[in-house]
file start-v1.txt (compact mmCIF, C-alpha atoms (C1' of nucleotides))
# COMPACT_ATOMS: atom_id res chain seq x y z
CA MET I 84 -12.74 -37.03 -12.21
CA THR I 85 -16.04 -35.30 -11.50
CA GLN I 86 -16.63 -31.92 -13.00
CA PRO I 87 -17.02 -29.02 -10.60
CA SER I 88 -20.58 -27.79 -10.24
CA LEU I 89 -22.08 -25.36 -12.71
CA ARG I 90 -21.97 -22.67 -10.05
CA ALA I 91 -18.28 -23.22 -9.48
CA ARG I 92 -17.54 -23.15 -13.18
CA LYS I 93 -19.47 -19.95 -13.73
CA ARG I 94 -17.69 -18.43 -10.81
CA GLN I 95 -14.30 -19.37 -12.15
CA ARG I 96 -15.22 -18.06 -15.58
CA ALA I 97 -16.38 -14.72 -14.20
CA ARG I 98 -13.20 -14.37 -12.18
CA ASP I 99 -11.00 -15.18 -15.16
CA GLU I 100 -12.88 -12.75 -17.35
CA ILE I 101 -12.42 -9.95 -14.86
CA ILE I 102 -8.68 -10.60 -14.70
CA GLU I 103 -8.45 -10.83 -18.45
CA ALA I 104 -10.41 -7.61 -18.93
CA ALA I 105 -8.33 -5.80 -16.34
CA TYR I 106 -4.99 -6.79 -17.82
CA ARG I 107 -6.10 -5.92 -21.31
CA LEU I 108 -7.27 -2.50 -20.22
CA PHE I 109 -4.13 -1.88 -18.16
CA ALA I 110 -2.00 -2.77 -21.17
CA GLU I 111 -4.03 -0.43 -23.37
CA ARG I 112 -4.39 2.61 -21.14
CA GLY I 113 -2.30 2.16 -18.01
CA TYR I 114 -3.37 1.54 -14.45
CA ASP I 115 -4.59 4.99 -13.48
CA GLU I 116 -6.62 5.55 -16.60
CA VAL I 117 -8.72 2.45 -15.99
CA THR I 118 -11.55 2.60 -13.46
CA VAL I 119 -13.12 -0.36 -11.76
CA ALA I 120 -16.31 0.48 -13.65
CA ASP I 121 -14.36 0.13 -16.91
CA ILE I 122 -13.10 -3.30 -15.95
CA ALA I 123 -16.54 -4.44 -14.88
CA GLU I 124 -18.10 -3.23 -18.09
CA ARG I 125 -15.48 -4.96 -20.24
CA ALA I 126 -15.92 -8.16 -18.26
CA GLU I 127 -19.70 -7.81 -18.55
CA VAL I 128 -20.39 -7.84 -14.85
CA GLY I 129 -21.69 -5.22 -12.47
CA ARG I 130 -19.30 -2.95 -10.58
CA THR I 131 -20.57 -4.50 -7.38
CA THR I 132 -19.65 -7.94 -8.61
CA PHE I 133 -16.05 -6.89 -9.22
CA PHE I 134 -15.68 -6.13 -5.53
CA ARG I 135 -17.16 -9.52 -4.66
CA TYR I 136 -14.29 -11.22 -6.46
CA PHE I 137 -11.52 -8.79 -5.55
CA GLY I 138 -11.24 -6.80 -2.38
CA ASP I 139 -9.92 -3.78 -4.21
CA LYS I 140 -8.56 -2.62 -7.53
CA GLN I 141 -4.98 -3.53 -6.65
CA GLU I 142 -5.86 -7.10 -5.86
CA VAL I 143 -6.71 -7.98 -9.43
CA VAL I 144 -3.14 -7.16 -10.43
CA PHE I 145 -1.82 -9.88 -8.15
CA ALA I 146 -4.63 -12.36 -8.77
CA GLY I 147 -3.54 -15.89 -8.17
CA GLU I 148 -0.19 -15.13 -6.58
CA GLN I 149 -1.50 -15.57 -3.08
CA ASP I 150 -2.51 -19.09 -4.03
CA TRP I 151 1.09 -19.85 -4.94
CA LEU I 152 2.28 -18.79 -1.55
CA ASP I 153 -0.33 -20.84 0.26
CA ASP I 154 0.49 -23.83 -1.94
CA LEU I 155 4.19 -23.55 -1.30
CA ALA I 156 3.74 -23.05 2.39
CA ALA I 157 1.48 -26.06 2.69
CA HIS I 158 3.92 -28.12 0.70
CA HIS I 159 6.83 -27.04 2.79
CA ARG I 160 5.15 -27.69 6.09
CA ASN I 161 5.86 -31.39 5.58
CA LEU I 162 9.52 -31.06 4.69
CA ARG I 163 11.46 -31.23 7.87
CA GLY I 164 15.06 -31.97 8.66
CA ASP I 165 16.41 -33.59 11.79
CA GLY I 166 16.22 -31.53 14.94
CA PRO I 167 15.68 -27.79 15.30
CA PRO I 168 17.20 -25.83 12.41
CA GLY I 169 19.94 -23.29 13.02
CA LEU I 170 20.20 -20.19 10.86
CA SER I 171 22.08 -22.02 8.11
CA GLU I 172 19.59 -24.84 7.86
CA ALA I 173 16.66 -22.44 7.99
CA LEU I 174 18.22 -20.37 5.26
CA ALA I 175 18.70 -23.43 3.09
CA GLN I 176 15.03 -24.26 3.50
CA VAL I 177 13.66 -20.84 2.64
CA ARG I 178 16.10 -20.72 -0.25
CA GLU I 179 14.33 -23.69 -1.79
CA LEU I 180 10.96 -22.04 -1.45
CA THR I 181 12.14 -18.74 -2.80
CA LEU I 182 13.65 -20.31 -5.89
CA ALA I 183 10.49 -22.31 -6.45
CA LEU I 184 8.60 -19.04 -6.34
CA CYS I 185 10.92 -17.49 -8.91
CA ALA I 186 10.33 -20.40 -11.24
CA ARG I 187 6.61 -19.63 -11.25
CA ALA I 188 7.28 -16.21 -12.70
CA THR I 189 8.40 -17.76 -15.98
CA LEU I 190 5.09 -19.57 -16.45
CA ASP I 191 3.35 -16.55 -17.96
CA PRO I 192 6.16 -14.27 -19.12
CA GLY I 193 3.95 -11.78 -20.92
CA ARG I 194 1.78 -11.07 -17.92
CA HIS I 195 4.87 -11.09 -15.70
CA VAL I 196 6.50 -8.34 -17.70
CA LEU I 197 3.37 -6.22 -17.73
CA ARG I 198 2.94 -6.68 -14.00
CA GLU I 199 6.54 -5.69 -13.34
CA ARG I 200 6.03 -2.59 -15.44
CA LEU I 201 2.85 -1.66 -13.58
CA ILE I 202 4.60 -2.14 -10.26
CA ALA I 203 7.59 -0.08 -11.31
CA ASP I 204 5.35 2.77 -12.45
CA HIS I 205 2.96 2.83 -9.50
CA PRO I 206 4.34 3.02 -5.98
CA GLU I 207 1.09 1.83 -4.42
CA LEU I 208 1.42 -1.43 -6.34
CA GLY I 209 4.95 -1.79 -5.06
CA ASP I 210 3.52 -1.32 -1.59
CA ARG I 211 1.09 -4.11 -2.21
CA THR I 212 3.86 -6.39 -3.42
CA ALA I 213 5.60 -5.75 -0.14
CA ARG I 214 2.49 -6.80 1.73
CA LYS I 215 2.51 -10.16 -0.01
CA GLN I 216 6.18 -10.57 0.81
CA ARG I 217 5.56 -9.75 4.45
CA ARG I 218 2.90 -12.40 4.54
CA PHE I 219 5.23 -14.88 2.90
CA ALA I 220 7.92 -14.13 5.47
CA GLU I 221 5.48 -14.49 8.33
CA THR I 222 4.26 -17.82 7.06
CA MET I 223 7.82 -19.05 6.71
CA ALA I 224 8.67 -17.83 10.19
CA GLU I 225 5.69 -19.68 11.57
CA ILE I 226 6.72 -22.92 9.90
CA LEU I 227 10.29 -22.55 11.12
CA ARG I 228 9.06 -22.07 14.67
CA GLU I 229 6.93 -25.18 14.32
CA HIS I 230 10.10 -27.01 13.35
CA GLY I 231 11.77 -25.82 16.53
CA ALA I 232 13.76 -22.83 15.30
CA SER I 233 14.45 -20.00 17.75
CA ALA I 234 12.43 -16.80 17.49
CA GLU I 235 15.50 -14.99 16.18
CA THR I 236 16.24 -17.55 13.50
CA ALA I 237 12.61 -17.77 12.48
CA ALA I 238 12.45 -14.01 12.06
CA LEU I 239 15.77 -13.58 10.29
CA ALA I 240 15.95 -16.43 7.78
CA PRO I 241 12.81 -15.49 5.81
CA GLN I 242 13.84 -11.86 5.75
CA LEU I 243 17.22 -12.82 4.35
CA ALA I 244 15.48 -14.84 1.68
CA LEU I 245 13.37 -11.83 0.79
CA ALA I 246 16.51 -9.71 0.65
CA CYS I 247 18.08 -12.10 -1.85
CA TYR I 248 14.86 -12.20 -3.82
CA THR I 249 14.52 -8.43 -3.98
CA ALA I 250 18.17 -7.89 -4.80
CA GLY I 251 18.01 -10.54 -7.49
CA ARG I 252 14.89 -8.96 -8.93
CA ALA I 253 16.59 -5.60 -9.05
CA VAL I 254 19.55 -7.06 -10.93
CA ALA I 255 17.39 -9.09 -13.29
CA GLY I 256 15.12 -6.21 -14.24
CA ASP I 257 11.89 -7.45 -15.83
CA ASP I 258 13.49 -10.35 -17.69
CA PRO I 259 11.73 -13.46 -16.38
CA ALA I 260 14.55 -15.79 -17.44
CA ALA I 261 17.17 -13.83 -15.50
CA LEU I 262 15.26 -13.90 -12.25
CA THR I 263 16.10 -17.34 -10.88
CA PRO I 264 19.86 -17.22 -11.56
CA SER I 265 20.14 -13.73 -10.08
CA VAL I 266 18.35 -14.73 -6.91
CA ALA I 267 20.37 -17.92 -6.63
CA ALA I 268 23.56 -15.90 -7.01
CA ALA I 269 22.50 -13.63 -4.17
CA PHE I 270 21.96 -16.63 -1.91
CA ASP I 271 25.37 -17.96 -2.87
CA ARG I 272 27.06 -14.71 -1.96
CA LEU I 273 25.36 -14.81 1.39
CA GLY I 274 27.08 -18.11 2.12
CA LEU I 275 30.45 -16.62 1.25
CA LEU I 276 30.35 -13.84 3.82
CA PRO I 277 33.48 -14.02 5.97
CA PRO I 278 32.91 -14.29 9.72
CA THR I 279 32.73 -11.04 11.74
CA ALA I 280 31.80 -9.06 8.63
CA MET O 179 21.50 33.46 13.42
CA THR O 180 18.67 35.08 11.52
CA GLN O 181 15.15 33.98 12.27
CA PRO O 182 13.27 32.30 9.45
CA SER O 183 10.71 34.51 7.79
CA LEU O 184 7.24 34.92 9.25
CA ARG O 185 5.87 32.92 6.33
CA ALA O 186 8.22 30.04 7.04
CA ARG O 187 7.38 30.09 10.74
CA LYS O 188 3.65 30.06 10.09
CA ARG O 189 4.12 27.24 7.65
CA GLN O 190 6.07 25.19 10.15
CA ARG O 191 3.49 25.87 12.83
CA ALA O 192 0.62 24.80 10.62
CA ARG O 193 2.43 21.60 9.71
CA ASP O 194 3.18 20.79 13.32
CA GLU O 195 -0.38 21.44 14.35
CA ILE O 196 -1.71 19.12 11.69
CA ILE O 197 0.60 16.33 12.85
CA GLU O 198 -0.29 16.96 16.46
CA ALA O 199 -4.02 16.99 15.73
CA ALA O 200 -3.75 13.83 13.65
CA TYR O 201 -1.87 11.86 16.29
CA ARG O 202 -4.20 12.98 19.02
CA LEU O 203 -7.24 11.92 17.02
CA PHE O 204 -5.67 8.61 16.01
CA ALA O 205 -4.92 7.87 19.65
CA GLU O 206 -8.48 8.72 20.64
CA ARG O 207 -10.47 7.01 17.91
CA GLY O 208 -8.14 4.93 15.75
CA TYR O 209 -6.99 5.49 12.20
CA ASP O 210 -10.11 4.49 10.30
CA GLU O 211 -12.49 6.47 12.46
CA VAL O 212 -10.69 9.72 11.77
CA THR O 213 -11.30 11.53 8.49
CA VAL O 214 -9.03 14.08 6.92
CA ALA O 215 -11.77 16.61 7.51
CA ASP O 216 -11.63 15.79 11.24
CA ILE O 217 -7.89 16.38 11.33
CA ALA O 218 -8.18 19.63 9.44
CA GLU O 219 -10.91 20.89 11.73
CA ARG O 220 -8.95 20.03 14.88
CA ALA O 221 -5.87 21.71 13.44
CA GLU O 222 -7.97 24.73 12.44
CA VAL O 223 -7.10 24.63 8.77
CA GLY O 224 -9.13 23.86 5.69
CA ARG O 225 -9.34 20.34 4.34
CA THR O 226 -7.64 21.60 1.19
CA THR O 227 -4.74 22.88 3.21
CA PHE O 228 -4.17 19.47 4.75
CA PHE O 229 -3.46 18.08 1.30
CA ARG O 230 -1.06 20.92 0.60
CA TYR O 231 1.12 19.79 3.50
CA PHE O 232 0.66 16.04 3.13
CA GLY O 233 0.13 14.16 -0.09
CA ASP O 234 -2.35 11.81 1.53
CA LYS O 235 -3.73 10.69 4.85
CA GLN O 236 -1.06 8.04 5.34
CA GLU O 237 1.76 10.50 4.94
CA VAL O 238 0.97 12.33 8.13
CA VAL O 239 1.61 9.12 10.08
CA PHE O 240 5.20 9.05 8.87
CA ALA O 241 5.76 12.79 8.98
CA GLY O 242 9.38 13.66 9.43
CA GLU O 243 10.78 10.19 8.88
CA GLN O 244 11.65 10.86 5.29
CA ASP O 245 13.81 13.73 6.48
CA TRP O 246 15.80 11.33 8.62
CA LEU O 247 16.54 9.17 5.65
CA ASP O 248 17.60 12.07 3.51
CA ASP O 249 19.76 13.36 6.35
CA LEU O 250 21.44 10.05 6.87
CA ALA O 251 21.97 9.50 3.20
CA ALA O 252 23.54 12.91 2.76
CA HIS O 253 25.73 12.34 5.75
CA HIS O 254 26.84 8.97 4.54
CA ARG O 255 27.67 10.11 1.06
CA ASN O 256 30.88 11.58 2.44
CA LEU O 257 32.01 8.52 4.36
CA ARG O 258 34.07 6.45 2.04
CA GLY O 259 36.62 3.71 2.57
CA ASP O 260 39.56 2.89 0.36
CA GLY O 261 38.75 1.33 -2.97
CA PRO O 262 35.52 -0.25 -4.14
CA PRO O 263 33.68 -2.00 -1.32
CA GLY O 264 33.02 -5.74 -1.48
CA LEU O 265 29.91 -7.19 0.06
CA SER O 266 31.41 -7.29 3.54
CA GLU O 267 32.52 -3.68 3.49
CA ALA O 268 29.22 -2.55 2.00
CA LEU O 269 27.36 -4.45 4.66
CA ALA O 270 29.42 -2.83 7.41
CA GLN O 271 28.54 0.59 6.00
CA VAL O 272 24.82 0.04 5.74
CA ARG O 273 24.92 -1.51 9.19
CA GLU O 274 26.07 1.81 10.59
CA LEU O 275 23.25 3.66 8.91
CA THR O 276 20.64 1.19 9.95
CA LEU O 277 21.64 1.33 13.59
CA ALA O 278 21.67 5.11 13.46
CA LEU O 279 18.11 4.91 12.18
CA CYS O 280 17.10 2.63 15.04
CA ALA O 281 18.48 5.09 17.53
CA ARG O 282 16.12 7.76 16.22
CA ALA O 283 13.14 5.65 17.19
CA THR O 284 13.91 6.15 20.86
CA LEU O 285 13.74 9.94 20.55
CA ASP O 286 9.97 10.07 20.88
CA PRO O 287 9.00 6.75 22.45
CA GLY O 288 5.34 7.60 22.95
CA ARG O 289 4.73 8.47 19.35
CA HIS O 290 6.86 5.52 18.28
CA VAL O 291 4.68 3.08 20.16
CA LEU O 292 1.48 4.58 18.80
CA ARG O 293 2.84 4.49 15.28
CA GLU O 294 3.87 0.85 15.64
CA ARG O 295 0.41 0.04 16.87
CA LEU O 296 -1.22 1.83 13.96
CA ILE O 297 1.03 0.02 11.52
CA ALA O 298 0.34 -3.35 13.08
CA ASP O 299 -3.41 -2.79 12.92
CA HIS O 300 -3.60 -1.38 9.41
CA PRO O 301 -2.00 -3.29 6.54
CA GLU O 302 -2.02 -0.27 4.27
CA LEU O 303 0.24 1.55 6.73
CA GLY O 304 2.55 -1.44 6.75
CA ASP O 305 2.63 -1.14 2.98
CA ARG O 306 3.63 2.46 3.28
CA THR O 307 6.41 1.60 5.69
CA ALA O 308 7.71 -0.78 3.10
CA ARG O 309 7.74 2.01 0.55
CA LYS O 310 9.98 4.08 2.77
CA GLN O 311 12.26 1.12 3.24
CA ARG O 312 12.47 0.54 -0.47
CA ARG O 313 13.45 4.13 -0.93
CA PHE O 314 16.07 3.81 1.78
CA ALA O 315 17.50 0.72 0.09
CA GLU O 316 17.58 2.42 -3.28
CA THR O 317 19.37 5.44 -1.87
CA MET O 318 21.93 3.20 -0.20
CA ALA O 319 22.41 1.23 -3.40
CA GLU O 320 23.01 4.43 -5.29
CA ILE O 321 25.63 5.58 -2.84
CA LEU O 322 27.35 2.21 -2.90
CA ARG O 323 27.51 2.34 -6.68
CA GLU O 324 29.01 5.82 -6.47
CA HIS O 325 31.67 4.32 -4.26
CA GLY O 326 32.47 1.74 -6.89
CA ALA O 327 30.52 -1.28 -5.65
CA SER O 328 29.26 -3.77 -8.23
CA ALA O 329 25.60 -3.75 -9.19
CA GLU O 330 25.10 -7.02 -7.31
CA THR O 331 26.73 -5.79 -4.13
CA ALA O 332 24.90 -2.48 -4.29
CA ALA O 333 21.58 -4.27 -4.62
CA LEU O 334 22.20 -6.93 -2.01
CA ALA O 335 23.84 -5.11 0.91
CA PRO O 336 20.99 -2.65 1.59
CA GLN O 337 18.43 -5.42 1.32
CA LEU O 338 20.36 -7.46 3.85
CA ALA O 339 20.38 -4.47 6.15
CA LEU O 340 16.64 -4.16 5.78
CA ALA O 341 16.28 -7.86 6.52
CA CYS O 342 18.19 -7.44 9.78
CA TYR O 343 16.14 -4.36 10.60
CA THR O 344 12.83 -6.06 9.98
CA ALA O 345 13.81 -9.23 11.80
CA GLY O 346 15.06 -7.19 14.73
CA ARG O 347 11.87 -5.19 14.79
CA ALA O 348 9.83 -8.37 14.85
CA VAL O 349 11.81 -9.69 17.79
CA ALA O 350 11.76 -6.40 19.68
CA GLY O 351 8.01 -5.88 19.33
CA ASP O 352 7.04 -2.30 20.02
CA ASP O 353 9.58 -1.72 22.78
CA PRO O 354 11.77 1.16 21.56
CA ALA O 355 14.66 0.24 23.84
CA ALA O 356 14.87 -3.31 22.53
CA LEU O 357 15.06 -2.26 18.91
CA THR O 358 18.73 -1.38 18.50
CA PRO O 359 20.15 -4.43 20.30
CA SER O 360 17.88 -6.79 18.40
CA VAL O 361 18.87 -5.35 15.06
CA ALA O 362 22.54 -5.38 16.00
CA ALA O 363 22.22 -9.02 17.02
CA ALA O 364 20.75 -9.87 13.63
CA PHE O 365 23.71 -8.24 11.89
CA ASP O 366 26.06 -10.18 14.10
CA ARG O 367 24.47 -13.48 13.23
CA LEU O 368 24.81 -12.62 9.57
CA GLY O 369 28.57 -12.42 10.03
CA LEU O 370 28.62 -15.83 11.64
CA LEU O 371 27.10 -17.71 8.72
CA PRO O 372 29.41 -20.57 7.77
CA PRO O 373 30.57 -20.64 4.14
CA THR O 374 28.45 -22.60 1.65
CA ALA O 375 25.41 -22.32 3.86
C1' DT D 225 1.57 52.56 -0.04
C1' DT D 226 1.68 49.54 -3.84
C1' DC D 227 2.34 45.53 -6.17
C1' DC D 228 3.59 40.65 -6.68
C1' DA D 229 3.88 36.08 -5.01
C1' DA D 230 2.55 32.79 -1.81
C1' DT D 231 -0.99 30.81 0.95
C1' DT D 232 -5.48 29.92 2.12
C1' DG D 233 -10.20 27.83 2.21
C1' DG D 234 -14.27 26.88 -0.30
C1' DT D 235 -16.88 24.46 -4.12
C1' DA D 236 -17.47 20.96 -7.06
C1' DC D 237 -16.03 16.90 -9.09
C1' DT D 238 -14.16 11.85 -9.84
C1' DC D 239 -13.27 7.49 -8.13
C1' DG D 240 -12.61 3.66 -4.83
C1' DG D 241 -15.08 1.13 -1.61
C1' DT D 242 -19.33 -0.27 1.33
C1' DA D 243 -24.22 -1.17 2.70
C1' DC D 244 -28.50 -2.43 1.39
C1' DC D 245 -32.12 -4.47 -1.42
C1' DA D 246 -34.81 -6.72 -4.78
C1' DT D 247 -34.26 -10.19 -8.19
C1' DA D 248 -32.50 -14.17 -10.62
C1' DA D 249 -30.40 -18.55 -10.86
C1' DG D 250 -28.31 -23.05 -9.12
C1' DG D 251 -29.14 -27.31 -6.64
C1' DG D 252 -31.32 -30.47 -3.73
C1' DA D 253 -35.70 -32.96 -1.83
C1' DC D 254 -39.79 -34.81 -3.06
C1' DG R 95 -41.31 -31.21 -12.93
C1' DT R 96 -42.15 -28.04 -8.63
C1' DC R 97 -40.99 -26.33 -4.36
C1' DC R 98 -37.77 -24.18 -1.49
C1' DC R 99 -33.50 -22.54 0.14
C1' DT R 100 -29.11 -20.80 -0.66
C1' DT R 101 -26.07 -18.27 -3.46
C1' DA R 102 -24.94 -14.88 -6.75
C1' DT R 103 -26.09 -10.76 -9.15
C1' DG R 104 -26.61 -5.80 -10.28
C1' DG R 105 -28.50 -1.51 -9.04
C1' DT R 106 -28.94 2.62 -5.92
C1' DA R 107 -27.35 5.39 -2.61
C1' DC R 108 -23.94 6.71 0.33
C1' DC R 109 -19.13 8.04 2.43
C1' DG R 110 -14.37 9.42 2.33
C1' DA R 111 -9.96 10.27 -0.19
C1' DG R 112 -7.91 13.03 -3.45
C1' DT R 113 -7.89 16.79 -7.32
C1' DA R 114 -8.91 21.08 -10.00
C1' DC R 115 -10.22 25.51 -9.85
C1' DC R 116 -11.09 30.09 -7.98
C1' DA R 117 -11.67 34.07 -5.25
C1' DA R 118 -9.85 36.25 -1.20
C1' DT R 119 -6.24 37.13 2.07
C1' DT R 120 -1.61 37.90 3.67
C1' DG R 121 3.62 38.28 3.72
C1' DG R 122 7.39 40.62 1.73
C1' DA R 123 9.78 43.68 -1.06
C1' DA R 124 10.17 47.95 -3.83
call {"tool": "encode", "arguments": {"input": "start-v1.txt", "output": "structure tokens"}}
result
Amino acid sequence: MTQPSLRARKRQRARDEIIEAAYRLFAERGYDEVTVADIAERAEVGRTTFFRYFGDKQEVVFAGEQDWLDDLAAHHRNLRGDGPPGLSEALAQVRELTLALCARATLDPGRHVLRERLIADHPELGDRTARKQRRFAETMAEILREHGASAETAALAPQLALACYTAGRAVAGDDPAALTPSVAAAFDRLGLLPPTA
Amino acid sequence: MTQPSLRARKRQRARDEIIEAAYRLFAERGYDEVTVADIAERAEVGRTTFFRYFGDKQEVVFAGEQDWLDDLAAHHRNLRGDGPPGLSEALAQVRELTLALCARATLDPGRHVLRERLIADHPELGDRTARKQRRFAETMAEILREHGASAETAALAPQLALACYTAGRAVAGDDPAALTPSVAAAFDRLGLLPPTA
DNA sequence: TTCCAATTGGTACTCGGTACCATAAGGGAC
DNA sequence: GTCCCTTATGGTACCGAGTACCAATTGGAA
């Protein structure tokens, strides 16, 4: 395997150092008490450079997560069943993706817990989380439509998945290990709804 | 009925004029091209005063909506069935509230359409919408718990309602009249999910 | 009228975010 | 190696959102 170019490596290192510096400072002082200038100084880059790597201060909190979504979406684009999916089939598909996403959270538990705490304490970070989720839902909807699902199904199934995810997250609190089972349980309860609820 | 005090009337008038000025300017120039100073000048108040009535620039876009939620929540606190609600009963209750909320959107169609356009064009306003929805869900969850629902049911039912709302909104586009039927249809499909989906 | 509380608008400040510019450094062609 | 082009960097200067503070005005009640 060929090494990435020196440029690319430097770039990656700078990015990682900014994230590292940011999380350390957030852990020490809290989100509001850390300025972008502080992060840049700790990471030994200019303030301008910070904004070249991250569109805004919030983005550094969620660094990397967008990649997960894109990965998952790309991976899922190839998985198709037979014929256009109805709501049940669509739900089963987004369920898979959602649970895969939950599993990622346990990869770096320490950072996960800190991030959950930051989000809980700062409404604007919760807002930003919601933006990511919207994007996830839209991507899923797009894929479902490509697979022949109706507009209604494509819109509803991903939103239901998000509902199960959010509800599961609320039940699990910030315990990374509890996340996946809680979300799975929510999906299960969805399947047990009696007709004409 | 006694008239509210002169102070209260002036206060209400100032607030209304700020909202009016803001919406007019947003319609003319778009959200980004209007500064808080512009709004304040048009409304003939000081910039400082703007921030006394609205916590930030985004808040003026959603002025009044929070009142709806509080109203509805208060109203719903008194509606109780017999015994602790299961998921189906909880879902039926939040369904009522959600549809009532949709109906409000048709009260001022012009402003509704403009607001939807602003939200669609500006991600940060979409984020803020999500914040309101989170708060709605949390309030509903609280009420459900008061009525004896389990933590899981209380967390899941409001999120499912939000899912139906969001999906319905996506299908309806910015047509106020289409909103309620679309959302209702989403709820209906939820009741038709076969067991062990 | 007098006094208190509420409201106002101005000034000055911090911080997030952007535009612009001169400089440095990587990477390829020769 | 050296030339040249592209990319990345950091600094300066600017704008707008949001906050703290203060002096002046105004509503309301004694």
call {"tool": "closest_atom_pairs", "arguments": {"input": "start-v1.txt", "of": "chain R", "to": "chain O", "cutoff": "8 Å", "atoms": "only C-alpha atoms (C1' of nucleotides)", "output": "Markdown table"}}
result
| residue | atom | partner | partner_atom | distance |
| --- | --- | --- | --- | --- |
| R:DG110 | C1' | O:Thr213 | CA | 7.2 |
| R:DA111 | C1' | O:Asp234 | CA | 8.0 |
| R:DG112 | C1' | O:Asp234 | CA | 7.6 |
| R:DG121 | C1' | O:Arg185 | CA | 6.4 |
call {"tool": "interface_residues", "arguments": {"input": "start-v1.txt", "of": "chain D", "to": "chain I", "cutoff": "9 Å", "atoms": "only C-alpha atoms (C1' of nucleotides)", "output": "ChimeraX atom specification"}}
result
/D:239-241,250
call {"tool": "residues_around", "arguments": {"input": "start-v1.txt", "residues": "Arg214 of chain I", "least_positions_apart": "4", "cutoff": "7 Å", "atoms": "only C-alpha atoms (C1' of nucleotides)", "output": "MDAnalysis selection string"}}
result
(chainID I and resid 210 218) or (chainID O and resid 305)
call {"tool": "interface_residues", "arguments": {"input": "start-v1.txt", "of": "chain O", "to": "chain I", "cutoff": "8 Å", "atoms": "all atoms listed in the file", "output": "PyMOL selection string"}}
result
chain O and resi 265-267+269-270+301+304-306+308-309+329-330+333-334+337-338+340-342+344-346+348-349+364+366+368-375
call {"tool": "atom_distance", "arguments": {"input": "start-v1.txt", "atom1": "atom CA of Thr189 of chain I", "atom2": "atom CA of Pro259 of chain I"}}
result
5.5 Å
call {"tool": "atom_distance", "arguments": {"input": "start-v1.txt", "atom1": "atom C1' of DT232 of chain D", "atom2": "atom CA of Arg225 of chain O"}}
result
10.6 Å
call {"tool": "closest_residue", "arguments": {"input": "start-v1.txt", "among": "O:Gln311, O:Thr227, O:Ser328, O:Gln271", "to": "DG234 of chain D", "atoms": "all atoms listed in the file"}}
result
O:Thr227
